[in-house]
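Participant: Here it is, the structure in full.
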There are 2 protein chains.
Amino acid sequence: MAGDIHILGVDGIPEARAGEDPAQLVLDGLSHSGIKLEDGDVLVVTHKLVSKAEDRLIDLSTITPSPFAERLALRYEKDARQIEVVLRESTRIVRMDRGVIIAETPHGFVCANGGVDASNAPDSDYVVLLPIDPDETARQIRSAVQDASGARIAVIITDSFGRPWRAGITNVAIGVSGMSPFNDYRGQYDEHGYELRATVIAVADEIASAAELVMGKLDRRPVAVLRGYDFIASEAANGQELVMDPAKDLFR
Amino acid sequence: MAGDIHILGVDGIPEARAGEDPAQLVLDGLSHSGIKLEDGDVLVVTHKLVSKAEDRLIDLSTITPSPFAERLALRYEKDARQIEVVLRESTRIVRMDRGVIIAETPHGFVCANGGVDASNAPDSDYVVLLPIDPDETARQIRSAVQDASGARIAVIITDSFGRPWRAGITNVAIGVSGMSPFNDYRGQYDEHGYELRATVIAVADEIASAAELVMGKLDRRPVAVLRGYDFIASEAANGQELVMDPAKDLFR
């Protein structure tokens, strides 16, 4: 089924500024890198590009911390304004201990600091928030890039999340357009006739992780193209499907 | 730093039988697929191949369930012998609810059913266990494949784990040899002079995930080669480093 896969890094994309069109930045980068998109390519875009273009930056000097944020900041020796922003971006605190806040975001993602990130902000007094609706942004990028390139593609918007029990962070998909985020083997049988009951692979997360290998953190390479993966095309599918159903989640 | 990456699927590897040499199976597959390893390649091997070669199969007809396993089986409508094997492979139960057992293995991995897998076993009355020491197996495969090929490589042994809060499973590294499982940006600075304090990327897991995209579950393709990733070579590094330090783990 799946043949060989290529992951191409897209260079020459300047830092996004508020109001810029993410799709145009991607198209400029593809052109600069001499990459011509093909049918079936997956375009992977880090959320940092999207968040900056959508002006999801917060100037901490404008933030007045609540008493709760002040108390946490004192206890954990953190910036109270930064904690205030984390609390504003969170719908629920999942864990708060040892200076770490694991929170649920309005999208349903559970991650450190509710997705609020101080690194890669253009100024040490700024923090970067997650995009409001990464699925909608993925749809817009996909539509514009398909129109400009003529290729039928999928788009994944990524962030890097930590995870319980395992050290380090990995890239995951927070917005998806044009493909199912899953490869669902349920109901299929292995070579021994055993039905694969619990085998649903989160391929959008695997693609996000694969793309990180060419993106890096310091390479100023916010976009990659993954070529050769036979994804399940879907107009309706989205990244919200990657949020586990709370009724099935043993770690809410 | 990182250029383009290729992921090559290795075909023609028959199902491993007890006592077979995993390295020889890999070398035969590479030869069959016409892949000549190059310096810097990462060889990714699914644990199923290793577990079968190392005879980590359990014939359920030989298992007498304990009273506890019997009671769980009755409650969740499962096979008591299978639950007995899960308990024997576990050092600690992290969650047990709604028919799901999330357990810690002797390696420190936290995963469904302590890594015991009923799919892909050669008989419906068999289950497959994790390798005893996947790091040691990775070292052995690396040593033998380097000797035979002349290429300096890294080896990763994989399994697919679920994770809290996100739907679906992804491939992760359970054994590593020849490379650091991390890309550690701590102490480095982003383009704005902001020190990257918490940015340690679990690249071995990302490579495991990338390789899954060409391996699939039903493709009988238990090996892949990832080419073009500039990993940090290390003789001492291993997959145990991916187990989070319990002192830092908020989800023990």
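Note on naming: chains are A, B, ... as they come in the structure tokens, residues start from 1 per chain, ligands start from 1 in the order shown.
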What are the closest atom pairs, with distances in Å to one decimal, for each residue of chain B lying within 7 Å of chain A, using only C-alpha atoms, rows by chain and rising residue number, as JSON lines?
Facilitator:
{"residue": "B:Ala2", "atom": "CA", "partner": "A:Val214", "partner_atom": "CA", "distance": 5.3}
{"residue": "B:Gly3", "atom": "CA", "partner": "A:Val214", "partner_atom": "CA", "distance": 6.3}
{"residue": "B:Asp4", "atom": "CA", "partner": "A:Leu8", "partner_atom": "CA", "distance": 4.8}
{"residue": "B:Ile5", "atom": "CA", "partner": "A:Ile7", "partner_atom": "CA", "distance": 5.0}
{"residue": "B:His6", "atom": "CA", "partner": "A:His6", "partner_atom": "CA", "distance": 4.6}
{"residue": "B:Ile7", "atom": "CA", "partner": "A:Ile5", "partner_atom": "CA", "distance": 5.0}
{"residue": "B:Leu8", "atom": "CA", "partner": "A:Asp4", "partner_atom": "CA", "distance": 4.8}
{"residue": "B:Gly9", "atom": "CA", "partner": "A:Asp4", "partner_atom": "CA", "distance": 6.0}
{"residue": "B:Val110", "atom": "CA", "partner": "A:Trp165", "partner_atom": "CA", "distance": 6.5}
{"residue": "B:Ser119", "atom": "CA", "partner": "A:Tyr194", "partner_atom": "CA", "distance": 6.0}
{"residue": "B:Asn120", "atom": "CA", "partner": "A:Asp190", "partner_atom": "CA", "distance": 6.1}
{"residue": "B:Pro122", "atom": "CA", "partner": "A:His192", "partner_atom": "CA", "distance": 5.9}
{"residue": "B:Asp123", "atom": "CA", "partner": "A:His192", "partner_atom": "CA", "distance": 6.6}
{"residue": "B:Ser124", "atom": "CA", "partner": "A:Tyr194", "partner_atom": "CA", "distance": 6.6}
{"residue": "B:Pro164", "atom": "CA", "partner": "A:Phe251", "partner_atom": "CA", "distance": 5.8}
{"residue": "B:Trp165", "atom": "CA", "partner": "A:Met244", "partner_atom": "CA", "distance": 5.1}
{"residue": "B:Arg166", "atom": "CA", "partner": "A:Met244", "partner_atom": "CA", "distance": 4.6}
{"residue": "B:Ala167", "atom": "CA", "partner": "A:Met244", "partner_atom": "CA", "distance": 4.5}
{"residue": "B:Gly168", "atom": "CA", "partner": "A:Ala202", "partner_atom": "CA", "distance": 4.8}
{"residue": "B:Ile169", "atom": "CA", "partner": "A:Ile201", "partner_atom": "CA", "distance": 4.9}
{"residue": "B:Thr170", "atom": "CA", "partner": "A:Ala202", "partner_atom": "CA", "distance": 5.9}
{"residue": "B:Asp190", "atom": "CA", "partner": "A:Leu218", "partner_atom": "CA", "distance": 6.0}
{"residue": "B:His192", "atom": "CA", "partner": "A:Pro122", "partner_atom": "CA", "distance": 5.8}
{"residue": "B:Tyr194", "atom": "CA", "partner": "A:Ser119", "partner_atom": "CA", "distance": 6.0}
{"residue": "B:Leu196", "atom": "CA", "partner": "A:Ser119", "partner_atom": "CA", "distance": 6.2}
{"residue": "B:Val200", "atom": "CA", "partner": "A:Gly168", "partner_atom": "CA", "distance": 5.0}
{"residue": "B:Ile201", "atom": "CA", "partner": "A:Ile169", "partner_atom": "CA", "distance": 4.9}
{"residue": "B:Ala202", "atom": "CA", "partner": "A:Gly168", "partner_atom": "CA", "distance": 4.8}
{"residue": "B:Glu206", "atom": "CA", "partner": "A:Ser209", "partner_atom": "CA", "distance": 4.8}
{"residue": "B:Ile207", "atom": "CA", "partner": "A:Ala210", "partner_atom": "CA", "distance": 6.4}
{"residue": "B:Ser209", "atom": "CA", "partner": "A:Glu206", "partner_atom": "CA", "distance": 4.8}
{"residue": "B:Ala210", "atom": "CA", "partner": "A:Ala210", "partner_atom": "CA", "distance": 4.6}
{"residue": "B:Leu213", "atom": "CA", "partner": "A:Tyr229", "partner_atom": "CA", "distance": 6.9}
{"residue": "B:Val214", "atom": "CA", "partner": "A:Ala2", "partner_atom": "CA", "distance": 5.3}
{"residue": "B:Leu218", "atom": "CA", "partner": "A:Asp190", "partner_atom": "CA", "distance": 6.1}
{"residue": "B:Tyr229", "atom": "CA", "partner": "A:Leu213", "partner_atom": "CA", "distance": 6.9}
{"residue": "B:Leu242", "atom": "CA", "partner": "A:Ala167", "partner_atom": "CA", "distance": 4.9}
{"residue": "B:Val243", "atom": "CA", "partner": "A:Arg166", "partner_atom": "CA", "distance": 4.8}
{"residue": "B:Met244", "atom": "CA", "partner": "A:Ala167", "partner_atom": "CA", "distance": 4.5}
{"residue": "B:Asp249", "atom": "CA", "partner": "A:Trp165", "partner_atom": "CA", "distance": 6.3}
{"residue": "B:Phe251", "atom": "CA", "partner": "A:Pro164", "partner_atom": "CA", "distance": 5.8}
Participant: Please save C-alpha atoms of the selected residues as a PDB file, in the first residue's frame.
Facilitator:
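Okay, part_21.pdb is ready:
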ATOM      1  CA  ALA B   2      18.295  18.986   8.537  1.00  0.00           C
ATOM      2  CA  GLY B   3      17.788  18.485   4.817  1.00  0.00           C
ATOM      3  CA  ASP B   4      15.198  16.337   3.145  1.00  0.00           C
ATOM      4  CA  ILE B   5      14.359  12.976   4.637  1.00  0.00           C
ATOM      5  CA  HIS B   6      13.477   9.715   2.902  1.00  0.00           C
ATOM      6  CA  ILE B   7      11.649   6.833   4.529  1.00  0.00           C
ATOM      7  CA  LEU B   8      12.123   3.526   2.734  1.00  0.00           C
ATOM      8  CA  GLY B   9       9.928   0.502   3.411  1.00  0.00           C
ATOM      9  CA  VAL B 110       3.164   2.760  30.617  1.00  0.00           C
ATOM     10  CA  SER B 119      -3.181  -9.194  17.272  1.00  0.00           C
ATOM     11  CA  ASN B 120      -0.457 -10.432  14.936  1.00  0.00           C
ATOM     12  CA  PRO B 122       0.393 -16.682  14.886  1.00  0.00           C
ATOM     13  CA  ASP B 123      -2.613 -18.310  16.555  1.00  0.00           C
ATOM     14  CA  SER B 124      -5.705 -16.916  18.272  1.00  0.00           C
ATOM     15  CA  PRO B 164      -4.100  10.163  27.370  1.00  0.00           C
ATOM     16  CA  TRP B 165      -6.351  12.888  25.945  1.00  0.00           C
ATOM     17  CA  ARG B 166      -5.708  12.072  22.274  1.00  0.00           C
ATOM     18  CA  ALA B 167      -7.539   9.533  20.149  1.00  0.00           C
ATOM     19  CA  GLY B 168      -5.674   6.776  18.337  1.00  0.00           C
ATOM     20  CA  ILE B 169      -2.271   5.226  18.847  1.00  0.00           C
ATOM     21  CA  THR B 170       1.133   6.263  17.492  1.00  0.00           C
ATOM     22  CA  ASP B 190      15.830  31.280  19.455  1.00  0.00           C
ATOM     23  CA  HIS B 192      14.860  36.552  19.339  1.00  0.00           C
ATOM     24  CA  TYR B 194      14.952  33.793  24.100  1.00  0.00           C
ATOM     25  CA  LEU B 196      14.716  27.575  24.996  1.00  0.00           C
ATOM     26  CA  VAL B 200      13.742  18.660  24.456  1.00  0.00           C
ATOM     27  CA  ILE B 201      12.385  16.895  21.383  1.00  0.00           C
ATOM     28  CA  ALA B 202      11.921  13.124  21.618  1.00  0.00           C
ATOM     29  CA  GLU B 206       9.188  11.044  16.030  1.00  0.00           C
ATOM     30  CA  ILE B 207      11.314   8.724  13.884  1.00  0.00           C
ATOM     31  CA  SER B 209       6.107   7.560  14.099  1.00  0.00           C
ATOM     32  CA  ALA B 210       7.519   8.564  10.719  1.00  0.00           C
ATOM     33  CA  LEU B 213       3.720   5.625   7.812  1.00  0.00           C
ATOM     34  CA  VAL B 214       5.492   3.168   5.491  1.00  0.00           C
ATOM     35  CA  LEU B 218      -1.328  -5.170   7.440  1.00  0.00           C
ATOM     36  CA  TYR B 229      18.087  12.838   9.541  1.00  0.00           C
ATOM     37  CA  LEU B 242      12.548   8.016  27.069  1.00  0.00           C
ATOM     38  CA  VAL B 243      10.953   6.808  30.310  1.00  0.00           C
ATOM     39  CA  MET B 244      10.090   9.961  32.241  1.00  0.00           C
ATOM     40  CA  ASP B 249       6.066  12.814  36.210  1.00  0.00           C
ATOM     41  CA  PHE B 251       0.801  11.466  35.929  1.00  0.00           C
TER      42      PHE B 251
END
Participant: What's the 12 Å shell around Ser149 of chain B, counting only C-alpha atoms, without same-chain residues fewer than 3 positions away, as a tab-separated table (two decimals) with N, CA and C atoms, in the first residue's frame?
Facilitator:
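Result went into result35.tsv, see below:
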chain	number	residue	atom	x	y	z
B	23	ALA	N	18.69	-9.67	13.24
B	23	ALA	CA	19.58	-8.93	12.34
B	23	ALA	C	19.62	-9.59	10.95
B	24	GLN	N	19.62	-10.94	10.92
B	24	GLN	CA	19.66	-11.63	9.63
B	24	GLN	C	18.37	-11.40	8.85
B	26	VAL	N	16.53	-8.76	9.03
B	26	VAL	CA	16.61	-7.39	8.53
B	26	VAL	C	17.53	-7.34	7.30
B	27	LEU	N	18.68	-7.98	7.39
B	27	LEU	CA	19.64	-7.96	6.27
B	27	LEU	C	19.05	-8.61	5.03
B	28	ASP	N	18.32	-9.73	5.23
B	28	ASP	CA	17.67	-10.39	4.09
B	28	ASP	C	16.65	-9.45	3.44
B	30	LEU	N	16.60	-6.12	3.53
B	30	LEU	CA	17.29	-5.03	2.83
B	30	LEU	C	17.78	-5.50	1.47
B	31	SER	N	18.34	-6.71	1.46
B	31	SER	CA	18.85	-7.27	0.21
B	31	SER	C	17.70	-7.48	-0.78
B	35	ILE	N	17.95	-2.27	-0.94
B	35	ILE	CA	18.36	-1.08	-0.17
B	35	ILE	C	19.77	-1.31	0.38
B	36	LYS	N	20.68	-0.42	0.00
B	36	LYS	CA	22.04	-0.46	0.52
B	36	LYS	C	22.15	0.62	1.59
B	37	LEU	N	22.39	0.20	2.82
B	37	LEU	CA	22.45	1.16	3.93
B	37	LEU	C	23.58	2.15	3.74
B	38	GLU	N	23.37	3.38	4.21
B	38	GLU	CA	24.38	4.43	4.14
B	38	GLU	C	24.67	4.93	5.56
B	39	ASP	N	25.85	5.51	5.74
B	39	ASP	CA	26.16	6.13	7.03
B	39	ASP	C	25.06	7.12	7.41
B	41	ASP	N	21.99	6.38	8.38
B	41	ASP	CA	20.63	5.83	8.28
B	41	ASP	C	20.14	5.39	9.66
B	141	ILE	N	21.26	-5.85	16.94
B	141	ILE	CA	20.92	-5.66	15.53
B	141	ILE	C	21.88	-4.65	14.90
B	142	ARG	N	22.13	-3.55	15.62
B	142	ARG	CA	23.00	-2.50	15.08
B	142	ARG	C	24.40	-3.05	14.80
B	143	SER	N	24.93	-3.79	15.78
B	143	SER	CA	26.28	-4.32	15.64
B	143	SER	C	26.37	-5.25	14.43
B	144	ALA	N	25.43	-6.17	14.32
B	144	ALA	CA	25.47	-7.15	13.22
B	144	ALA	C	25.24	-6.48	11.87
B	145	VAL	N	24.30	-5.53	11.83
B	145	VAL	CA	23.98	-4.89	10.54
B	145	VAL	C	25.12	-3.96	10.13
B	146	GLN	N	25.75	-3.30	11.10
B	146	GLN	CA	26.92	-2.47	10.76
B	146	GLN	C	28.05	-3.33	10.22
B	152	ARG	N	27.60	3.08	9.20
B	152	ARG	CA	27.37	3.47	10.60
B	152	ARG	C	25.93	3.92	10.73
B	153	ILE	N	25.15	3.21	11.51
B	153	ILE	CA	23.71	3.48	11.57
B	153	ILE	C	23.25	3.58	13.03
Participant: Might you pull out every residue within 10 Å of Thr137 of chain B, with only C-alpha atoms counted and same-chain residues fewer than 6 positions away left off, and present them as a short mmCIF file (atom, residue, chain, number, x, y, z; two decimals) with C-alpha atoms, in the first residue's frame?
Facilitator:
data_model
loop_
_atom_site.label_atom_id
_atom_site.label_comp_id
_atom_site.auth_asym_id
_atom_site.auth_seq_id
_atom_site.Cartn_x
_atom_site.Cartn_y
_atom_site.Cartn_z
CA PRO B 22 16.51 -10.52 13.95
CA ALA B 23 19.58 -8.93 12.34
CA HIS B 47 9.00 -5.09 18.16
CA VAL B 50 11.92 -9.07 17.68
CA SER B 51 9.38 -10.57 20.08
CA GLU B 54 13.01 -14.05 20.81
CA PRO B 131 10.98 -7.99 24.17
CA SER B 143 26.28 -4.32 15.64
CA VAL B 155 18.60 1.31 15.34
CA ILE B 156 15.17 1.95 16.84
CA ILE B 157 12.73 -0.76 17.97
CA GLY B 175 14.64 0.37 22.17
CA VAL B 176 17.37 2.67 20.81
CA SER B 177 21.02 2.13 19.89
#
Participant: Name the residues of segment 4-251 of chain B that come out as strand (DSSP E) in a backbone DSSP run; write them as a short mmCIF file (atom, residue, chain, number, x, y, z; two decimals) with N, CA and C atoms, in the first residue's frame.
Facilitator:
data_model
loop_
_atom_site.label_atom_id
_atom_site.label_comp_id
_atom_site.auth_asym_id
_atom_site.auth_seq_id
_atom_site.Cartn_x
_atom_site.Cartn_y
_atom_site.Cartn_z
N ILE B 5 14.31 14.30 4.03
CA ILE B 5 14.36 12.98 4.64
C ILE B 5 13.61 12.00 3.75
N HIS B 6 14.17 10.79 3.62
CA HIS B 6 13.48 9.72 2.90
C HIS B 6 13.17 8.59 3.89
N ILE B 7 11.99 8.01 3.73
CA ILE B 7 11.65 6.83 4.53
C ILE B 7 11.37 5.68 3.56
N LEU B 8 12.19 4.65 3.67
CA LEU B 8 12.12 3.53 2.73
C LEU B 8 11.53 2.31 3.44
N GLY B 9 10.51 1.73 2.86
CA GLY B 9 9.93 0.50 3.41
C GLY B 9 10.76 -0.69 2.98
N VAL B 10 10.97 -1.63 3.91
CA VAL B 10 11.78 -2.83 3.61
C VAL B 10 10.81 -4.01 3.46
N VAL B 42 18.85 5.49 9.86
CA VAL B 42 18.22 4.93 11.05
C VAL B 42 17.38 3.74 10.61
N LEU B 43 17.70 2.58 11.17
CA LEU B 43 16.97 1.36 10.87
C LEU B 43 15.88 1.21 11.92
N VAL B 44 14.63 1.14 11.47
CA VAL B 44 13.50 1.08 12.41
C VAL B 44 12.85 -0.29 12.29
N VAL B 45 12.73 -0.98 13.41
CA VAL B 45 12.26 -2.37 13.43
C VAL B 45 11.09 -2.48 14.41
N THR B 46 9.97 -3.02 13.96
CA THR B 46 8.85 -3.19 14.88
C THR B 46 9.16 -4.30 15.88
N LEU B 57 6.30 -15.32 22.92
CA LEU B 57 4.91 -15.69 22.66
C LEU B 57 4.42 -16.54 23.82
N ILE B 58 3.18 -16.33 24.19
CA ILE B 58 2.61 -17.15 25.26
C ILE B 58 1.41 -17.91 24.70
N ASP B 59 1.45 -19.23 24.90
CA ASP B 59 0.32 -20.08 24.54
C ASP B 59 -0.68 -20.01 25.69
N ARG B 92 2.98 -2.51 37.81
CA ARG B 92 2.10 -1.57 38.49
C ARG B 92 0.90 -1.30 37.59
N ILE B 93 -0.29 -1.22 38.19
CA ILE B 93 -1.47 -0.84 37.42
C ILE B 93 -1.65 0.67 37.56
N VAL B 94 -1.67 1.37 36.43
CA VAL B 94 -1.80 2.83 36.46
C VAL B 94 -3.29 3.22 36.42
N ARG B 95 -4.07 2.54 35.58
CA ARG B 95 -5.52 2.71 35.51
C ARG B 95 -6.15 1.36 35.15
N MET B 96 -7.30 1.09 35.76
CA MET B 96 -8.05 -0.10 35.40
C MET B 96 -9.51 0.28 35.44
N ASP B 97 -10.09 0.43 34.27
CA ASP B 97 -11.47 0.91 34.21
C ASP B 97 -12.03 0.60 32.83
N VAL B 100 -10.31 -1.57 30.30
CA VAL B 100 -8.96 -1.21 29.85
C VAL B 100 -8.00 -1.29 31.03
N ILE B 101 -6.86 -1.92 30.81
CA ILE B 101 -5.82 -1.94 31.82
C ILE B 101 -4.62 -1.17 31.28
N ILE B 102 -4.28 -0.06 31.95
CA ILE B 102 -3.07 0.69 31.61
C ILE B 102 -2.05 0.34 32.69
N ALA B 103 -0.96 -0.28 32.28
CA ALA B 103 -0.01 -0.81 33.26
C ALA B 103 1.42 -0.41 32.93
N GLU B 104 2.24 -0.37 33.97
CA GLU B 104 3.67 -0.13 33.78
C GLU B 104 4.36 -1.48 33.59
N VAL B 110 4.56 2.81 30.19
CA VAL B 110 3.16 2.76 30.62
C VAL B 110 2.32 2.64 29.36
N CYS B 111 1.58 1.54 29.25
CA CYS B 111 0.83 1.30 28.01
C CYS B 111 -0.32 0.33 28.27
N ALA B 112 -1.20 0.23 27.30
CA ALA B 112 -2.36 -0.66 27.43
C ALA B 112 -1.89 -2.10 27.57
N TYR B 126 -2.60 -17.47 21.13
CA TYR B 126 -1.29 -16.94 21.54
C TYR B 126 -1.38 -15.42 21.73
N VAL B 127 -0.56 -14.89 22.60
CA VAL B 127 -0.36 -13.44 22.69
C VAL B 127 1.14 -13.15 22.58
N VAL B 128 1.44 -11.92 22.15
CA VAL B 128 2.83 -11.49 21.95
C VAL B 128 3.21 -10.53 23.07
N ALA B 154 22.00 3.96 13.20
CA ALA B 154 21.32 3.84 14.49
C ALA B 154 20.15 2.86 14.29
N VAL B 155 19.72 2.26 15.40
CA VAL B 155 18.60 1.31 15.34
C VAL B 155 17.55 1.71 16.36
N ILE B 156 16.30 1.68 15.94
CA ILE B 156 15.17 1.95 16.84
C ILE B 156 14.19 0.79 16.76
N ILE B 157 13.78 0.26 17.92
CA ILE B 157 12.73 -0.76 17.97
C ILE B 157 11.46 -0.09 18.47
N THR B 158 10.34 -0.39 17.80
CA THR B 158 9.10 0.38 18.04
C THR B 158 7.96 -0.48 18.56
N ASP B 159 7.03 0.18 19.22
CA ASP B 159 5.70 -0.37 19.47
C ASP B 159 4.72 0.78 19.29
N SER B 160 3.43 0.48 19.17
CA SER B 160 2.44 1.56 19.07
C SER B 160 1.67 1.63 20.38
N PHE B 161 1.69 2.83 20.97
CA PHE B 161 1.06 3.07 22.28
C PHE B 161 -0.08 4.08 22.11
N GLY B 162 -1.12 3.92 22.91
CA GLY B 162 -2.10 4.99 23.07
C GLY B 162 -1.54 6.06 23.98
N ARG B 163 -2.29 7.13 24.13
CA ARG B 163 -1.86 8.22 25.01
C ARG B 163 -3.09 8.88 25.59
N ARG B 166 -5.70 12.04 23.74
CA ARG B 166 -5.71 12.07 22.27
C ARG B 166 -6.17 10.72 21.75
N ALA B 167 -7.00 10.76 20.73
CA ALA B 167 -7.54 9.53 20.15
C ALA B 167 -6.49 8.85 19.28
N GLY B 168 -6.57 7.53 19.21
CA GLY B 168 -5.67 6.78 18.34
C GLY B 168 -4.34 6.48 19.00
N ILE B 169 -3.59 5.61 18.36
CA ILE B 169 -2.27 5.23 18.85
C ILE B 169 -1.21 5.73 17.87
N THR B 170 0.01 5.88 18.36
CA THR B 170 1.13 6.26 17.49
C THR B 170 2.33 5.38 17.83
N ASN B 171 3.21 5.25 16.86
CA ASN B 171 4.43 4.46 17.07
C ASN B 171 5.41 5.23 17.94
N VAL B 172 6.01 4.55 18.90
CA VAL B 172 7.05 5.14 19.74
C VAL B 172 8.25 4.21 19.77
N ALA B 173 9.37 4.74 20.29
CA ALA B 173 10.61 3.95 20.37
C ALA B 173 10.67 3.26 21.72
N ILE B 174 10.84 1.93 21.73
CA ILE B 174 11.02 1.21 23.00
C ILE B 174 12.45 0.70 23.16
N GLY B 175 13.23 0.71 22.09
CA GLY B 175 14.64 0.37 22.17
C GLY B 175 15.41 1.26 21.21
N VAL B 176 16.58 1.75 21.64
CA VAL B 176 17.37 2.67 20.81
C VAL B 176 18.84 2.29 20.95
N SER B 177 19.56 2.31 19.84
CA SER B 177 21.02 2.13 19.89
C SER B 177 21.69 3.00 18.84
N GLY B 178 22.75 3.68 19.25
CA GLY B 178 23.59 4.42 18.29
C GLY B 178 23.28 5.88 18.16
N MET B 179 22.21 6.34 18.79
CA MET B 179 21.84 7.76 18.69
C MET B 179 21.20 8.21 20.00
N ASN B 183 16.67 15.52 20.81
CA ASN B 183 17.36 16.70 20.32
C ASN B 183 17.10 17.77 21.38
N ASP B 184 18.14 18.13 22.09
CA ASP B 184 18.01 18.95 23.30
C ASP B 184 18.41 20.38 22.98
N VAL B 200 13.02 19.89 24.72
CA VAL B 200 13.74 18.66 24.46
C VAL B 200 12.83 17.80 23.58
N ILE B 201 13.23 17.63 22.32
CA ILE B 201 12.38 16.89 21.38
C ILE B 201 12.73 15.41 21.45
N VAL B 223 10.01 -3.44 8.90
CA VAL B 223 11.27 -2.70 8.95
C VAL B 223 11.20 -1.52 7.98
N ALA B 224 11.77 -0.40 8.40
CA ALA B 224 11.91 0.76 7.51
C ALA B 224 13.28 1.39 7.74
N VAL B 225 13.72 2.16 6.75
CA VAL B 225 14.98 2.90 6.87
C VAL B 225 14.66 4.38 6.72
N LEU B 226 15.08 5.18 7.71
CA LEU B 226 14.90 6.63 7.62
C LEU B 226 16.26 7.24 7.29
N ARG B 227 16.29 7.95 6.19
CA ARG B 227 17.56 8.46 5.64
C ARG B 227 17.54 9.98 5.56
N ALA B 233 24.89 11.12 17.21
CA ALA B 233 25.43 9.77 17.42
C ALA B 233 25.85 9.59 18.87
N SER B 234 25.58 8.41 19.41
CA SER B 234 25.96 8.12 20.79
C SER B 234 26.02 6.62 20.98
#
Participant: Could you find all residues in segment 107-195 of chain B that DSSP calls helix (DSSP H, G or I) from the backbone, and write them as a list in words?
Facilitator: Asn113, Gly114, Gly115, Pro134, Asp135, Glu136, Thr137, Ala138, Arg139, Gln140, Ile141, Arg142, Ser143, Ala144, Val145, Gln146, Asp147, Ala148 and Ser149 of chain B
Participant: Please report the interatomic distance between atom CA of Ala236 of chain B and atom CA of Asp133 of chain B in Å with one decimal.
Facilitator: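 A separation of 15.2 Å between them.
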Participant: List as a PyMOL selection string the protein and nucleic acid residues near Arg81 of chain B, meaning an atom at most 12 Å away when only C-alpha atoms are counted, but skip any in the same chain fewer than 6 places from it.
Facilitator: chain B and resi 58-74+87-88+116+118+125-127
